[in-house]
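K.L.:
This is the structure, below, for whatever I ask next.
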Amino acid sequence: MAEGGLILVVDDEPAVLDITAMTLEFAGFEILRAEDGRAGATLLEARGAELSAVVLDTLCPSAEDAKHALAALRRVRPDLPVLLCSGCFEDDAYHSLGLPPGGGDLNCRFLQKPYEKGALEATVLELLR
């Protein structure tokens, strides 16, 4: 496993998925990629114990799909840090997932798209502290 740990990145936009994964790989993380929430849920169930964090697009390709991934996360590793990413405003992203502002009991942070590579890396590192 990479020095920074294993991170699952879930995003339905191939370019965003690739850039996010490459940015985090460059920062020293090993990456698992999922193109939607259902694929993310499958990886969570199979490798959840190994994960350090999840980066989840809140609309991948729909909020229902992202909710599926969150349900798997809560079942497998409710303590797992999650970075929620969206082009929506933060409160709207939480609301679309049925979460209270700030994520409630979920250990999470929010990063609005489009984001810069440095902001992604800094937010992930902050989440893991």
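Letters A, B, ... mark the chains of the structure tokens in the order given; residue numbers begin at 1 per chain; ligand numbers begin at 1, in order shown.
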From chain A, collect each residue whose DSSP state is strand (DSSP E) and return the set as a ChimeraX atom specification.
P.N.:
/A:6-10,30-34,51-57,82-86,108-112
K.L.:
Do you know which residues are at most 6 Å from region 49-61 of chain A counting only C-alpha atoms, after dropping those on the same chain fewer than 6 positions away, and could you put them as a short mmCIF file (atom, residue, chain, number, x, y, z; two decimals) with N, CA, C and O atoms, in the first residue's frame?
P.N.:
```
data_model
loop_
_atom_site.label_atom_id
_atom_site.label_comp_id
_atom_site.auth_asym_id
_atom_site.auth_seq_id
_atom_site.Cartn_x
_atom_site.Cartn_y
_atom_site.Cartn_z
N GLY A 5 -1.79 5.80 2.23
CA GLY A 5 -2.97 4.97 2.44
C GLY A 5 -3.75 4.77 1.16
O GLY A 5 -3.38 5.24 0.09
N LEU A 6 -4.85 4.05 1.29
CA LEU A 6 -5.69 3.69 0.15
C LEU A 6 -6.96 4.55 0.17
O LEU A 6 -7.68 4.58 1.17
N ILE A 7 -7.23 5.21 -0.95
CA ILE A 7 -8.41 6.07 -1.07
C ILE A 7 -9.27 5.60 -2.23
O ILE A 7 -8.77 5.34 -3.32
N LEU A 8 -10.57 5.50 -1.98
CA LEU A 8 -11.55 5.20 -3.02
C LEU A 8 -12.07 6.51 -3.58
O LEU A 8 -12.54 7.37 -2.83
N VAL A 9 -11.94 6.69 -4.90
CA VAL A 9 -12.45 7.89 -5.58
C VAL A 9 -13.63 7.46 -6.44
O VAL A 9 -13.50 6.56 -7.28
N VAL A 10 -14.79 8.10 -6.21
CA VAL A 10 -16.02 7.78 -6.93
C VAL A 10 -16.49 9.02 -7.68
O VAL A 10 -16.84 10.03 -7.06
N ASP A 11 -16.49 8.96 -9.01
CA ASP A 11 -16.95 10.08 -9.83
C ASP A 11 -17.35 9.54 -11.19
O ASP A 11 -16.64 8.73 -11.76
N ASP A 12 -18.49 10.01 -11.70
CA ASP A 12 -18.99 9.52 -12.99
C ASP A 12 -18.39 10.26 -14.18
O ASP A 12 -18.60 9.85 -15.32
N ASP A 36 -19.23 5.07 -10.58
CA ASP A 36 -20.54 5.45 -10.06
C ASP A 36 -20.69 4.93 -8.63
O ASP A 36 -19.83 4.20 -8.12
N GLY A 37 -21.77 5.32 -7.98
CA GLY A 37 -21.98 4.95 -6.59
C GLY A 37 -22.13 3.46 -6.36
O GLY A 37 -21.69 2.94 -5.34
N LEU A 80 -15.21 5.86 8.53
CA LEU A 80 -14.33 6.18 7.41
C LEU A 80 -14.50 7.64 6.98
O LEU A 80 -15.62 8.08 6.72
N PRO A 81 -13.42 8.40 6.89
CA PRO A 81 -13.52 9.79 6.44
C PRO A 81 -13.97 9.87 4.98
O PRO A 81 -13.55 9.08 4.14
N VAL A 82 -14.84 10.86 4.71
CA VAL A 82 -15.40 11.03 3.37
C VAL A 82 -15.24 12.49 2.94
O VAL A 82 -15.60 13.41 3.69
N LEU A 83 -14.74 12.67 1.73
CA LEU A 83 -14.71 14.00 1.12
C LEU A 83 -15.82 14.02 0.08
O LEU A 83 -15.76 13.28 -0.91
N LEU A 84 -16.85 14.83 0.33
CA LEU A 84 -17.95 14.98 -0.62
C LEU A 84 -17.61 16.11 -1.57
O LEU A 84 -17.21 17.19 -1.15
N CYS A 85 -17.76 15.85 -2.87
CA CYS A 85 -17.45 16.83 -3.90
C CYS A 85 -18.68 17.05 -4.77
O CYS A 85 -19.38 16.09 -5.11
N SER A 86 -18.93 18.31 -5.11
CA SER A 86 -20.09 18.61 -5.93
C SER A 86 -19.94 19.99 -6.56
O SER A 86 -19.25 20.85 -6.01
#
```
K.L.:
Can you tell me how far CA of Leu43 (chain A) sits from CA of His95 (chain A), in Å to one decimal?
P.N.:
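About the pair CA of Leu43 (chain A) and CA of His95 (chain A): they are 24.6 Å apart.
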K.L.:
If we count only C-alpha atoms and set the cut-off at 9 Å, which residues sit around Leu120 (chain A), ignoring sequence neighbours fewer than 2 positions away in its own chain? Please answer as a VMD selection string.
P.N.:
chain A and resid 20 23 to 24 111 115 to 118 122 to 125
K.L.:
If we count only C-alpha atoms and set the cut-off at 10 Å, which residues sit around Glu3 (chain A), ignoring sequence neighbours fewer than 2 positions away in its own chain? Please answer as a list in words.
P.N.:
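Neighbouring residues, sequence-local ones excluded: Met1, Gly5, Leu6, Ala27, Gly28, Phe29 and Glu30 of chain A.
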K.L.:
Leaving out Pro101 (chain A) and any residue of its chain fewer than 3 positions from it, which residues lie within 7 Å of it when counting only C-alpha atoms, given as a list of chain:residue names?
P.N.:
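Neighbouring residues, sequence-local ones excluded: A:Asp91, A:Tyr94, A:Gly104.
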K.L.:
Quick one, how far is CA of Ile19 (chain A) from CA of Asp79 (chain A)?
P.N.:
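Between these atoms lies a distance of 26.2 Å.
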K.L.:
Point out the residue among A:Ala71, A:Gln112, A:Leu128, A:Asp65 with the least atom-to-atom distance to Cys88 (chain A), counting only C-alpha atoms.
P.N.:
A:Gln112
K.L.:
Any chance you could list, as a PyMOL selection string, the residues in chain A that come up alpha helix (DSSP H) when DSSP is run on the backbone?
P.N.:
chain A and resi 14-26+37-47+63-76+90-96+117-128
K.L.:
Between A:Ala15, A:Leu99, A:Cys108, A:Leu70, single out the one closest to Ala39 (chain A), counting only C-alpha atoms.
P.N.:
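Of A:Ala15, A:Leu99, A:Cys108, A:Leu70, the one nearest Ala39 (chain A) is A:Leu70, counting only C-alpha atoms.
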K.L.:
So which one's closest to Pro114 (chain A), A:Arg129, A:Ile31, A:Gly87, A:Glu45? Using only C-alpha atoms, please.
P.N.:
A:Gly87
K.L.:
Quick one, how far is CA of Asp18 (chain A) from CA of Leu73 (chain A)?
P.N.:
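CA of Leu73 (chain A) lies at a distance of 22.1 Å from CA of Asp18 (chain A).
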